[in-house]
>>> print(open('upload-v7.csv').read())   # CSV, C-alpha atoms and all ligand atoms
chain,number,residue,atom,x,y,z
A,893,MET,CA,14.5,75.9,40.6
A,894,SER,CA,15.4,78.3,37.8
A,895,ALA,CA,15.9,76.8,34.4
A,896,TYR,CA,19.4,75.9,33.2
A,897,ILE,CA,18.6,75.6,29.5
A,898,ARG,CA,16.2,78.1,28.2
A,899,ILE,CA,14.9,78.2,24.6
A,900,GLU,CA,12.9,81.3,23.7
A,901,ASP,CA,10.8,81.7,20.5
A,902,LEU,CA,13.2,79.5,18.4
A,903,HIS,CA,12.5,79.5,14.7
A,904,LYS,CA,14.4,77.6,12.0
A,905,SER,CA,13.7,77.1,8.3
A,906,PHE,CA,15.5,75.3,5.5
A,907,LYS,CA,15.6,76.5,1.9
A,908,ASN,CA,15.6,73.9,-0.8
A,909,LYS,CA,15.8,75.5,-4.3
A,910,ASN,CA,12.9,77.9,-4.3
A,911,GLU,CA,11.0,76.3,-1.5
A,912,LYS,CA,11.3,77.3,2.2
A,913,THR,CA,10.3,74.8,4.8
A,914,GLU,CA,9.6,76.1,8.3
A,915,VAL,CA,10.8,73.3,10.6
A,916,LEU,CA,10.7,75.0,14.0
A,917,LYS,CA,7.9,77.5,14.5
A,918,GLY,CA,8.5,79.3,17.8
A,919,ILE,CA,9.8,76.8,20.4
A,920,ASP,CA,9.8,77.8,24.1
A,921,LEU,CA,11.4,75.3,26.5
A,922,SER,CA,12.9,75.4,30.0
A,923,ILE,CA,15.0,72.6,31.4
A,924,ASN,CA,16.3,72.5,34.9
A,925,LYS,CA,19.9,71.6,35.8
A,926,GLY,CA,20.3,67.8,36.3
A,927,GLU,CA,17.0,66.9,34.6
A,928,ILE,CA,16.6,64.2,32.0
A,929,TYR,CA,14.2,65.9,29.5
A,930,GLY,CA,12.7,64.0,26.7
A,931,ILE,CA,11.6,65.4,23.3
A,932,VAL,CA,9.3,63.0,21.5
A,933,GLY,CA,7.6,63.3,18.2
A,934,PHE,CA,7.2,61.6,14.8
A,935,SER,CA,9.8,61.5,12.1
A,936,GLY,CA,10.2,64.9,10.5
A,937,ALA,CA,8.7,66.8,13.5
A,938,GLY,CA,11.9,68.8,13.9
A,939,LYS,CA,13.5,67.0,16.9
A,940,SER,CA,17.0,66.7,15.6
A,941,THR,CA,16.9,70.3,14.2
A,942,LEU,CA,15.9,71.5,17.7
A,943,VAL,CA,18.8,69.8,19.5
A,944,ARG,CA,21.2,70.8,16.8
A,945,CYS,CA,20.2,74.4,17.3
A,946,ILE,CA,21.1,74.2,21.0
A,947,ASN,CA,24.8,73.8,20.2
A,948,ARG,CA,24.4,75.7,17.0
A,949,LEU,CA,25.2,72.9,14.7
A,950,GLU,CA,22.2,74.5,13.0
A,951,GLU,CA,22.0,78.3,13.2
A,952,PRO,CA,18.6,79.5,14.4
A,953,ASP,CA,16.8,82.1,12.3
A,954,LYS,CA,15.3,83.7,15.3
A,955,GLY,CA,15.0,83.3,19.0
A,956,ARG,CA,17.4,82.9,21.9
A,957,ILE,CA,19.0,79.9,23.6
A,958,PHE,CA,20.7,80.1,27.1
A,959,ILE,CA,22.7,77.5,28.9
A,960,GLY,CA,23.2,78.8,32.4
A,961,ASP,CA,24.3,82.4,32.1
A,962,THR,CA,25.6,81.9,28.6
A,963,GLU,CA,23.5,83.0,25.7
A,964,MET,CA,24.5,80.4,23.1
A,965,THR,CA,22.9,82.5,20.3
A,966,ALA,CA,25.2,85.5,21.1
A,967,LEU,CA,28.5,83.6,21.1
A,968,SER,CA,31.2,84.3,18.6
A,969,LYS,CA,32.5,81.4,16.6
A,970,LYS,CA,35.6,81.1,18.9
A,971,GLU,CA,33.5,81.3,22.1
A,972,LEU,CA,31.1,78.7,20.6
A,973,THR,CA,33.9,76.3,19.9
A,974,LYS,CA,35.0,76.5,23.5
A,975,ARG,CA,31.5,76.1,24.9
A,976,ARG,CA,30.6,73.2,22.7
A,977,ARG,CA,33.4,71.1,24.3
A,978,LYS,CA,31.2,71.0,27.4
A,979,ILE,CA,28.2,69.8,25.5
A,980,GLY,CA,28.4,66.1,24.7
A,981,MET,CA,26.4,64.5,21.9
A,982,ILE,CA,25.4,60.9,21.1
A,983,PHE,CA,23.8,59.6,18.0
A,984,GLN,CA,21.7,56.8,16.6
A,985,GLN,CA,24.5,55.5,14.4
A,986,PHE,CA,27.1,56.0,17.1
A,987,ASN,CA,29.4,58.0,14.7
A,988,LEU,CA,32.6,56.2,15.8
A,989,PHE,CA,35.9,56.2,13.9
A,990,ASP,CA,36.1,52.6,12.6
A,991,SER,CA,39.9,52.8,12.1
A,992,MET,CA,40.5,53.8,15.7
A,993,THR,CA,40.5,51.6,18.8
A,994,VAL,CA,37.9,52.1,21.5
A,995,PHE,CA,40.7,53.9,23.5
A,996,GLN,CA,41.5,56.2,20.6
A,997,ASN,CA,37.8,57.0,19.9
A,998,ILE,CA,37.3,58.1,23.5
A,999,ALA,CA,40.6,59.9,23.7
A,1000,TYR,CA,39.9,61.8,20.5
A,1001,PRO,CA,38.3,64.9,22.0
A,1002,LEU,CA,41.0,65.1,24.6
A,1003,THR,CA,43.8,64.9,22.0
A,1004,LEU,CA,42.2,68.0,20.4
A,1005,GLU,CA,42.4,69.7,23.7
A,1006,LYS,CA,46.1,68.9,24.1
A,1007,VAL,CA,45.6,67.1,27.3
A,1008,SER,CA,48.8,65.3,28.4
A,1009,LYS,CA,49.2,61.6,27.6
A,1010,ASN,CA,49.1,60.5,31.2
A,1011,GLU,CA,45.9,62.4,31.9
A,1012,ILE,CA,44.3,61.0,28.8
A,1013,GLU,CA,45.2,57.5,29.8
A,1014,GLN,CA,43.7,58.0,33.3
A,1015,ARG,CA,40.5,59.7,32.1
A,1016,VAL,CA,39.8,57.2,29.4
A,1017,ASP,CA,40.4,54.3,31.8
A,1018,LYS,CA,37.9,55.9,34.2
A,1019,LEU,CA,35.3,56.4,31.4
A,1020,LEU,CA,35.8,52.8,30.3
A,1021,GLU,CA,35.0,51.6,33.8
A,1022,LEU,CA,32.0,53.9,34.0
A,1023,VAL,CA,30.5,52.4,30.8
A,1024,GLY,CA,31.6,48.9,31.6
A,1025,LEU,CA,34.0,48.4,28.7
A,1026,SER,CA,37.4,48.1,30.4
A,1027,ASP,CA,38.1,44.8,28.6
A,1028,LYS,CA,37.5,46.3,25.2
A,1029,LYS,CA,40.0,49.1,25.4
A,1030,HIS,CA,42.1,47.9,22.4
A,1031,ALA,CA,39.2,46.6,20.4
A,1032,TYR,CA,38.0,48.2,17.1
A,1033,PRO,CA,34.4,49.3,16.8
A,1034,GLY,CA,33.8,46.7,14.0
A,1035,SER,CA,34.1,43.9,16.6
A,1036,LEU,CA,31.6,45.4,19.0
A,1037,SER,CA,27.8,45.0,19.4
A,1038,GLY,CA,25.5,47.9,18.9
A,1039,GLY,CA,25.1,48.4,22.6
A,1040,GLN,CA,28.9,48.3,23.2
A,1041,LYS,CA,29.4,50.8,20.4
A,1042,GLN,CA,26.9,53.2,22.0
A,1043,ARG,CA,28.8,52.8,25.3
A,1044,VAL,CA,31.9,54.0,23.5
A,1045,GLY,CA,29.9,56.9,22.0
A,1046,ILE,CA,28.7,57.8,25.5
A,1047,ALA,CA,32.3,57.6,27.0
A,1048,ARG,CA,33.5,59.8,24.2
A,1049,ALA,CA,30.8,62.3,24.7
A,1050,LEU,CA,31.7,62.5,28.4
A,1051,ALA,CA,35.5,62.8,27.8
A,1052,ASN,CA,35.5,66.6,28.2
A,1053,GLU,CA,33.3,66.5,31.4
A,1054,PRO,CA,30.3,68.1,29.8
A,1055,ASP,CA,27.5,69.7,31.8
A,1056,VAL,CA,24.9,68.9,29.1
A,1057,LEU,CA,24.5,65.7,27.0
A,1058,LEU,CA,22.4,65.8,23.9
A,1059,SER,CA,21.1,62.3,22.9
A,1060,ASP,CA,19.6,62.0,19.4
A,1061,GLU,CA,17.8,58.6,19.1
A,1062,ALA,CA,20.7,57.0,20.9
A,1063,THR,CA,18.8,53.7,21.4
A,1064,SER,CA,16.8,53.5,18.2
A,1065,ALA,CA,19.3,51.2,16.5
A,1066,LEU,CA,19.5,48.8,19.5
A,1067,ASP,CA,17.6,45.7,20.5
A,1068,PRO,CA,15.2,46.0,23.5
A,1069,GLN,CA,17.7,44.6,26.0
A,1070,SER,CA,20.6,46.8,24.9
A,1071,THR,CA,18.1,49.7,24.8
A,1072,LEU,CA,17.3,49.2,28.5
A,1073,ALA,CA,20.9,48.8,29.5
A,1074,ILE,CA,21.9,52.1,27.6
A,1075,LEU,CA,18.9,54.0,29.1
A,1076,ASP,CA,19.9,52.8,32.6
A,1077,LEU,CA,23.5,53.9,31.9
A,1078,LEU,CA,22.3,57.4,30.9
A,1079,ALA,CA,20.3,57.5,34.2
A,1080,GLN,CA,23.3,56.5,36.1
A,1081,ILE,CA,25.5,59.1,34.5
A,1082,ASN,CA,22.8,61.7,35.2
A,1083,ASP,CA,22.7,60.7,38.8
A,1084,GLU,CA,26.4,60.3,39.4
A,1085,LEU,CA,27.8,63.2,37.3
A,1086,GLY,CA,24.8,65.5,37.5
A,1087,VAL,CA,24.8,66.0,33.7
A,1088,THR,CA,21.7,67.5,32.3
A,1089,ILE,CA,20.4,65.3,29.5
A,1090,ILE,CA,18.1,66.1,26.6
A,1091,MET,CA,16.9,62.9,25.1
A,1092,ILE,CA,15.2,62.8,21.7
A,1093,THR,CA,13.3,59.7,21.1
A,1094,HIS,CA,10.3,58.3,19.1
A,1095,GLU,CA,10.1,55.5,21.6
A,1096,LEU,CA,7.7,56.5,24.4
A,1097,GLU,CA,8.9,53.5,26.4
A,1098,ALA,CA,12.4,55.0,26.5
A,1099,ALA,CA,11.2,58.4,27.6
A,1100,LYS,CA,9.0,56.9,30.3
A,1101,ARG,CA,11.9,54.9,31.7
A,1102,ILE,CA,14.3,57.8,32.4
A,1103,CYS,CA,12.8,61.2,31.6
A,1104,GLY,CA,11.2,63.1,34.4
A,1105,LYS,CA,9.6,65.5,31.9
A,1106,ILE,CA,8.9,65.4,28.2
A,1107,ALA,CA,7.9,67.8,25.5
A,1108,VAL,CA,5.8,66.6,22.5
A,1109,LEU,CA,7.0,68.1,19.2
A,1110,GLU,CA,4.4,68.1,16.4
A,1111,ASN,CA,5.3,69.7,13.1
A,1112,GLY,CA,7.7,72.2,14.5
A,1113,VAL,CA,5.5,73.2,17.5
A,1114,ILE,CA,5.5,71.9,21.0
A,1115,THR,CA,1.9,70.8,21.6
A,1116,GLU,CA,2.3,69.7,25.2
A,1117,LYS,CA,5.0,69.5,27.8
A,1118,GLY,CA,5.2,68.5,31.5
A,1119,ASN,CA,5.8,65.6,33.8
A,1120,THR,CA,6.2,62.3,31.8
A,1121,ARG,CA,3.7,60.6,34.1
A,1122,ASP,CA,1.0,63.2,33.6
A,1123,ILE,CA,1.3,63.1,29.8
A,1124,PHE,CA,1.2,59.3,29.9
A,1125,LEU,CA,-1.9,59.2,32.0
A,1126,ASP,CA,-3.7,61.9,30.0
A,1127,PRO,CA,-2.1,63.0,26.8
A,1128,LYS,CA,-3.7,66.2,25.4
A,1129,SER,CA,-2.0,66.5,22.0
A,1130,SER,CA,-2.8,64.3,19.0
A,1131,THR,CA,0.8,63.1,18.8
A,1132,GLY,CA,0.7,62.2,22.5
A,1133,LYS,CA,-2.5,60.3,22.1
A,1134,ILE,CA,-1.2,58.3,19.1
A,1135,PHE,CA,2.1,57.6,20.9
A,1136,LEU,CA,0.3,56.2,23.9
A,1137,GLU,CA,-2.0,54.1,21.7
A,1138,VAL,CA,1.0,52.6,19.9
A,1139,TYR,CA,2.8,52.1,23.2
A,1140,ARG,CA,-0.2,50.2,24.6
A,1141,GLU,CA,-0.6,48.0,21.5
A,1142,PHE,CA,3.1,47.2,21.6
A,1143,ARG,CA,2.9,46.2,25.2
A,1144,GLN,CA,0.0,43.8,24.4
A,1145,GLU,CA,2.0,42.1,21.7
A,1146,HIS,CA,5.4,41.9,23.5
A,1147,THR,CA,6.4,41.2,27.0
A,1148,TYR,CA,8.7,44.1,27.4
A,1149,SER,CA,10.4,44.2,30.8
A,1150,GLY,CA,10.7,47.5,32.5
A,1151,GLY,CA,8.2,50.4,32.6
A,1152,GLY,CA,5.3,50.7,35.0
A,1153,GLY,CA,1.8,49.5,34.8
A,1154,ILE,CA,0.3,52.3,32.7
B,1,LIG,N1,19.8,70.4,6.4
B,1,LIG,C1,18.5,70.4,6.0
B,1,LIG,N2,18.1,70.9,4.8
B,1,LIG,C2,16.9,70.9,4.4
B,1,LIG,N3,15.9,70.3,5.1
B,1,LIG,C3,16.2,69.8,6.3
B,1,LIG,C4,17.5,69.8,6.8
B,1,LIG,N4,17.5,69.2,8.0
B,1,LIG,C5,16.3,68.8,8.3
B,1,LIG,N5,15.5,69.2,7.3
B,1,LIG,C6,14.0,69.0,7.2
B,1,LIG,O1,13.4,69.4,8.4
B,1,LIG,C7,12.4,68.6,8.8
B,1,LIG,C8,12.7,68.1,10.3
B,1,LIG,O2,13.8,67.3,10.3
B,1,LIG,P1,14.4,66.7,11.6
B,1,LIG,O3,15.6,65.9,11.2
B,1,LIG,O4,14.7,67.8,12.6
B,1,LIG,O5,13.2,65.8,12.1
B,1,LIG,P2,13.2,64.7,13.2
B,1,LIG,O6,12.0,65.0,14.1
B,1,LIG,O7,14.6,64.6,13.9
B,1,LIG,O8,12.9,63.3,12.4
B,1,LIG,P3,13.5,61.8,12.6
B,1,LIG,O9,12.7,61.2,13.7
B,1,LIG,O10,13.2,61.2,11.3
B,1,LIG,O11,14.9,61.9,12.9
B,1,LIG,C9,12.3,67.5,7.8
B,1,LIG,O12,11.3,67.8,6.9
B,1,LIG,C10,13.6,67.5,7.1
B,1,LIG,O13,13.5,67.1,5.8
B,2,MG,MG,16.0,63.2,13.9
>>> encode(input="upload-v7.csv", output="structure tokens", more="lines below")
Ligand SMILES: Nc1ncnc2c1ncn2[C@@H]1O[C@H](COP(=O)(O)OP(=O)(O)OP(=O)(O)O)[C@@H](O)[C@H]1O
Ligand SMILES: [Mg+2]
Amino acid sequence: MSAYIRIEDLHKSFKNKNEKTEVLKGIDLSINKGEIYGIVGFSGAGKSTLVRCINRLEEPDKGRIFIGDTEMTALSKKELTKRRRKIGMIFQQFNLFDSMTVFQNIAYPLTLEKVSKNEIEQRVDKLLELVGLSDKKHAYPGSLSGGQKQRVGIARALANEPDVLLSDEATSALDPQSTLAILDLLAQINDELGVTIIMITHELEAAKRICGKIAVLENGVITEKGNTRDIFLDPKSSTGKIFLEVYREFRQEHTYSGGGGI
């Protein structure tokens, strides 16, 4: 299978006062269509910067990014705005509008597209059903649990029928049970809608549950990538090894349902 998302020699630095910090130091990554691909690494490794470069919320300094036949890094601002509509994004803190109902939050990207009222109503109802929140249509985010808020975030991210979904620590603010439910929802969406998902996480358990492949990001460099199972069984990078050790210790202390017997 040829890669659907291709990242070639991606570099990104930030300048603060007189200091320049190199955050991404030559990233190469290939992700197939329909995969759920995990990016794991410690805080500050550059994970968010990497996914934000994919839809150019951050402008790369160097390198090329392709989604299908489109070179993201070659698009004009206008072309980029159009392409971005087909790239959904979900976040750790959900980023919902508190003054809008669940319906209005999910409908928001569609109202920007000038989709007709009827069509919006139909699409939002379908999305509510998909994420299991039909009974919360007129509720406000303030009255929802974290897991329910993330379901709204997911429905909103899917409103424009994206082919790619970027998930930045989407389960990190949730309790273990809600985490599992949201991970399973993402797997269901991937399966039913064929959306390619890039999932950033610092929870190896989460990556193991739904990601077929992972890349380990360490200080702006990918130190290993491949099948999740292989990396779990025999991590080569120092981050991979530490992650696995923490994961095992965690499993000894908690009875965490889900996950295999590694
Ligand atoms: N807009 C910015 N300006 C300056 N520095 C930034 C900016 N965004 C990120 N950085 C720096 O880049 C580095 C990587 O940040 P990034 O948010 O990509 O890491 P991360 O792996 O997502 O971390 P976390 O797990 O904590 O979310 C950090 O040192 C951070 O301080
Ligand atoms: Mg981050």
>>> residues_around(input="upload-v7.csv", residues="Asn997 (chain A)", least_positions_apart="6", cutoff="8 Å", atoms="only C-alpha atoms", output="JSON, numbers by chain")
{"A": [988, 989, 1044, 1048]}
>>> write_last_selection(input="upload-v7.csv", atoms="C-alpha atoms", output="PDB file, in the coordinates of the input")
ATOM      1  CA  LEU A 988      32.600  56.200  15.800  1.00  0.00           C
ATOM      2  CA  PHE A 989      35.900  56.200  13.900  1.00  0.00           C
ATOM      3  CA  VAL A1044      31.900  54.000  23.500  1.00  0.00           C
ATOM      4  CA  ARG A1048      33.500  59.800  24.200  1.00  0.00           C
TER       5      ARG A1048
END
>>> closest_residue(input="upload-v7.csv", among="A:Ser894, A:Asn910, A:Ser1059, A:Thr973", to="Ile1089 (chain A)", atoms="only C-alpha atoms")
A:Ser1059
>>> residues_around(input="upload-v7.csv", residues="Gly955 (chain A)", least_positions_apart="2", cutoff="10 Å", atoms="all atoms listed in the file", output="mmCIF file with C-alpha atoms, keeping the file's coordinate frame")
data_model
loop_
_atom_site.group_PDB
_atom_site.id
_atom_site.type_symbol
_atom_site.label_atom_id
_atom_site.label_comp_id
_atom_site.auth_asym_id
_atom_site.auth_seq_id
_atom_site.Cartn_x
_atom_site.Cartn_y
_atom_site.Cartn_z
ATOM 1 C CA ILE A 899 14.900 78.200 24.600
ATOM 2 C CA GLU A 900 12.900 81.300 23.700
ATOM 3 C CA ASP A 901 10.800 81.700 20.500
ATOM 4 C CA LEU A 902 13.200 79.500 18.400
ATOM 5 C CA HIS A 903 12.500 79.500 14.700
ATOM 6 C CA LYS A 904 14.400 77.600 12.000
ATOM 7 C CA GLY A 918 8.500 79.300 17.800
ATOM 8 C CA ILE A 919 9.800 76.800 20.400
ATOM 9 C CA ASP A 920 9.800 77.800 24.100
ATOM 10 C CA PRO A 952 18.600 79.500 14.400
ATOM 11 C CA ASP A 953 16.800 82.100 12.300
ATOM 12 C CA ILE A 957 19.000 79.900 23.600
ATOM 13 C CA THR A 965 22.900 82.500 20.300
#
>>> residues_near_ligand(input="upload-v7.csv", ligand="ligand MG 2 (chain B)", cutoff="7 Å", atoms="all atoms listed in the file", output="list in words")
Ser935, Gly936, Gly938, Lys939, Ser940 and Asp1060 of chain A
>>> closest_residue(input="upload-v7.csv", among="A:Leu1078, A:Ile1092, A:Leu916, A:Leu1058", to="Lys978 (chain A)", atoms="only C-alpha atoms")
A:Leu1058
>>> closest_atom_pairs(input="upload-v7.csv", of="chain A", to="ligand LIG 1 (chain B)", cutoff="12 Å", atoms="all atoms listed in the file", output="Markdown table")
| residue | atom | partner | partner_atom | distance |
| --- | --- | --- | --- | --- |
| A:His903 | CA | B:LIG1 | O1 | 11.9 |
| A:Lys904 | CA | B:LIG1 | O1 | 9.0 |
| A:Ser905 | CA | B:LIG1 | O1 | 7.7 |
| A:Phe906 | CA | B:LIG1 | C2 | 4.7 |
| A:Lys907 | CA | B:LIG1 | C2 | 6.3 |
| A:Asn908 | CA | B:LIG1 | C2 | 6.1 |
| A:Lys909 | CA | B:LIG1 | C2 | 9.9 |
| A:Asn910 | CA | B:LIG1 | C2 | 11.9 |
| A:Glu911 | CA | B:LIG1 | C2 | 9.9 |
| A:Lys912 | CA | B:LIG1 | C2 | 8.8 |
| A:Thr913 | CA | B:LIG1 | N3 | 7.2 |
| A:Glu914 | CA | B:LIG1 | O1 | 7.7 |
| A:Val915 | CA | B:LIG1 | O1 | 5.2 |
| A:Leu916 | CA | B:LIG1 | C8 | 8.1 |
| A:Lys917 | CA | B:LIG1 | C8 | 11.4 |
| A:Ile931 | CA | B:LIG1 | O6 | 9.2 |
| A:Val932 | CA | B:LIG1 | O6 | 8.1 |
| A:Gly933 | CA | B:LIG1 | O6 | 6.2 |
| A:Phe934 | CA | B:LIG1 | O9 | 5.6 |
| A:Ser935 | CA | B:LIG1 | O9 | 3.3 |
| A:Gly936 | CA | B:LIG1 | O5 | 3.5 |
| A:Ala937 | CA | B:LIG1 | O6 | 3.8 |
| A:Gly938 | CA | B:LIG1 | O4 | 3.2 |
| A:Lys939 | CA | B:LIG1 | O6 | 3.8 |
| A:Ser940 | CA | B:LIG1 | O7 | 3.6 |
| A:Thr941 | CA | B:LIG1 | O4 | 3.7 |
| A:Leu942 | CA | B:LIG1 | O4 | 6.4 |
| A:Val943 | CA | B:LIG1 | O4 | 8.3 |
| A:Arg944 | CA | B:LIG1 | O4 | 8.3 |
| A:Cys945 | CA | B:LIG1 | O4 | 9.8 |
| A:Leu949 | CA | B:LIG1 | N1 | 10.2 |
| A:Glu950 | CA | B:LIG1 | N1 | 8.1 |
| A:Glu951 | CA | B:LIG1 | N1 | 10.7 |
| A:Phe983 | CA | B:LIG1 | O11 | 10.5 |
| A:Gln984 | CA | B:LIG1 | O11 | 9.3 |
| A:Gln985 | CA | B:LIG1 | O11 | 11.6 |
| A:Ser1059 | CA | B:LIG1 | O7 | 11.3 |
| A:Asp1060 | CA | B:LIG1 | O7 | 7.9 |
| A:Glu1061 | CA | B:LIG1 | O11 | 7.6 |
| A:Ala1062 | CA | B:LIG1 | O11 | 11.0 |
| A:Ser1064 | CA | B:LIG1 | O9 | 9.8 |
| A:Met1091 | CA | B:LIG1 | O7 | 11.6 |
| A:Ile1092 | CA | B:LIG1 | O7 | 8.0 |
| A:Thr1093 | CA | B:LIG1 | O9 | 7.6 |
| A:His1094 | CA | B:LIG1 | O9 | 6.6 |
| A:Glu1095 | CA | B:LIG1 | O9 | 10.1 |
| A:Val1108 | CA | B:LIG1 | O6 | 10.6 |
| A:Leu1109 | CA | B:LIG1 | O6 | 7.8 |
| A:Glu1110 | CA | B:LIG1 | O6 | 8.5 |
| A:Asn1111 | CA | B:LIG1 | C8 | 8.1 |
| A:Gly1112 | CA | B:LIG1 | C8 | 7.7 |
| A:Val1113 | CA | B:LIG1 | O6 | 11.0 |
| A:Ile1114 | CA | B:LIG1 | O6 | 11.7 |
>>> atom_distance(input="upload-v7.csv", atom1="CA of Ala1073 (chain A)", atom2="CA of Glu1053 (chain A)")
21.7 Å
>>> residues_around(input="upload-v7.csv", residues="Thr1088 (chain A)", least_positions_apart="5", cutoff="12 Å", atoms="only C-alpha atoms", output="ChimeraX atom specification")
/A:895-897,923-930,959-960,978-981,1050,1053-1059,1078-1083,1103-1104
>>> closest_residue(input="upload-v7.csv", among="A:Glu1011, A:Asp1027, A:Glu1137, A:Glu1097", to="Thr1120 (chain A)", atoms="all atoms listed in the file")
A:Glu1097
>>> atom_distance(input="upload-v7.csv", atom1="CA of Glu1013 (chain A)", atom2="CA of Ile998 (chain A)")
10.1 Å
>>> atom_distance(input="upload-v7.csv", atom1="CA of Tyr1032 (chain A)", atom2="CA of Pro1001 (chain A)")
17.4 Å
>>> closest_residue(input="upload-v7.csv", among="A:Leu1077, A:Leu1002, A:Val994, A:Ala966", to="Lys1041 (chain A)", atoms="only C-alpha atoms")
A:Val994
>>> decode(input="upload-v7.csv", residues="region 1072-1086 of chain A", atoms="N, CA and C atoms", output="PDB file, in the first residue's frame")
ATOM      1  N   LEU A1072     -11.281   4.508  27.718  1.00  0.00           N
ATOM      2  CA  LEU A1072     -11.511   3.304  26.910  1.00  0.00           C
ATOM      3  C   LEU A1072     -12.687   3.495  25.960  1.00  0.00           C
ATOM      4  N   ALA A1073     -13.754   4.131  26.454  1.00  0.00           N
ATOM      5  CA  ALA A1073     -14.939   4.332  25.615  1.00  0.00           C
ATOM      6  C   ALA A1073     -14.613   5.246  24.429  1.00  0.00           C
ATOM      7  N   ILE A1074     -13.827   6.295  24.685  1.00  0.00           N
ATOM      8  CA  ILE A1074     -13.473   7.228  23.591  1.00  0.00           C
ATOM      9  C   ILE A1074     -12.526   6.538  22.599  1.00  0.00           C
ATOM     10  N   LEU A1075     -11.581   5.753  23.118  1.00  0.00           N
ATOM     11  CA  LEU A1075     -10.675   5.032  22.216  1.00  0.00           C
ATOM     12  C   LEU A1075     -11.459   4.077  21.323  1.00  0.00           C
ATOM     13  N   ASP A1076     -12.428   3.387  21.924  1.00  0.00           N
ATOM     14  CA  ASP A1076     -13.233   2.458  21.134  1.00  0.00           C
ATOM     15  C   ASP A1076     -14.094   3.198  20.113  1.00  0.00           C
ATOM     16  N   LEU A1077     -14.554   4.388  20.485  1.00  0.00           N
ATOM     17  CA  LEU A1077     -15.317   5.199  19.522  1.00  0.00           C
ATOM     18  C   LEU A1077     -14.419   5.604  18.339  1.00  0.00           C
ATOM     19  N   LEU A1078     -13.186   5.989  18.630  1.00  0.00           N
ATOM     20  CA  LEU A1078     -12.256   6.358  17.548  1.00  0.00           C
ATOM     21  C   LEU A1078     -12.000   5.164  16.629  1.00  0.00           C
ATOM     22  N   ALA A1079     -11.852   3.979  17.235  1.00  0.00           N
ATOM     23  CA  ALA A1079     -11.635   2.772  16.428  1.00  0.00           C
ATOM     24  C   ALA A1079     -12.856   2.477  15.556  1.00  0.00           C
ATOM     25  N   GLN A1080     -14.040   2.702  16.118  1.00  0.00           N
ATOM     26  CA  GLN A1080     -15.284   2.474  15.373  1.00  0.00           C
ATOM     27  C   GLN A1080     -15.389   3.455  14.192  1.00  0.00           C
ATOM     28  N   ILE A1081     -15.051   4.706  14.449  1.00  0.00           N
ATOM     29  CA  ILE A1081     -15.098   5.726  13.398  1.00  0.00           C
ATOM     30  C   ILE A1081     -14.112   5.387  12.277  1.00  0.00           C
ATOM     31  N   ASN A1082     -12.927   4.946  12.681  1.00  0.00           N
ATOM     32  CA  ASN A1082     -11.907   4.541  11.716  1.00  0.00           C
ATOM     33  C   ASN A1082     -12.429   3.390  10.856  1.00  0.00           C
ATOM     34  N   ASP A1083     -13.074   2.455  11.499  1.00  0.00           N
ATOM     35  CA  ASP A1083     -13.566   1.268  10.817  1.00  0.00           C
ATOM     36  C   ASP A1083     -14.759   1.591   9.903  1.00  0.00           C
ATOM     37  N   GLU A1084     -15.711   2.338  10.426  1.00  0.00           N
ATOM     38  CA  GLU A1084     -16.945   2.592   9.670  1.00  0.00           C
ATOM     39  C   GLU A1084     -16.775   3.667   8.609  1.00  0.00           C
ATOM     40  N   LEU A1085     -15.993   4.708   8.926  1.00  0.00           N
ATOM     41  CA  LEU A1085     -15.881   5.829   7.988  1.00  0.00           C
ATOM     42  C   LEU A1085     -14.571   5.805   7.205  1.00  0.00           C
ATOM     43  N   GLY A1086     -13.651   4.954   7.587  1.00  0.00           N
ATOM     44  CA  GLY A1086     -12.375   4.853   6.872  1.00  0.00           C
ATOM     45  C   GLY A1086     -11.455   6.050   7.073  1.00  0.00           C
TER      46      GLY A1086
END
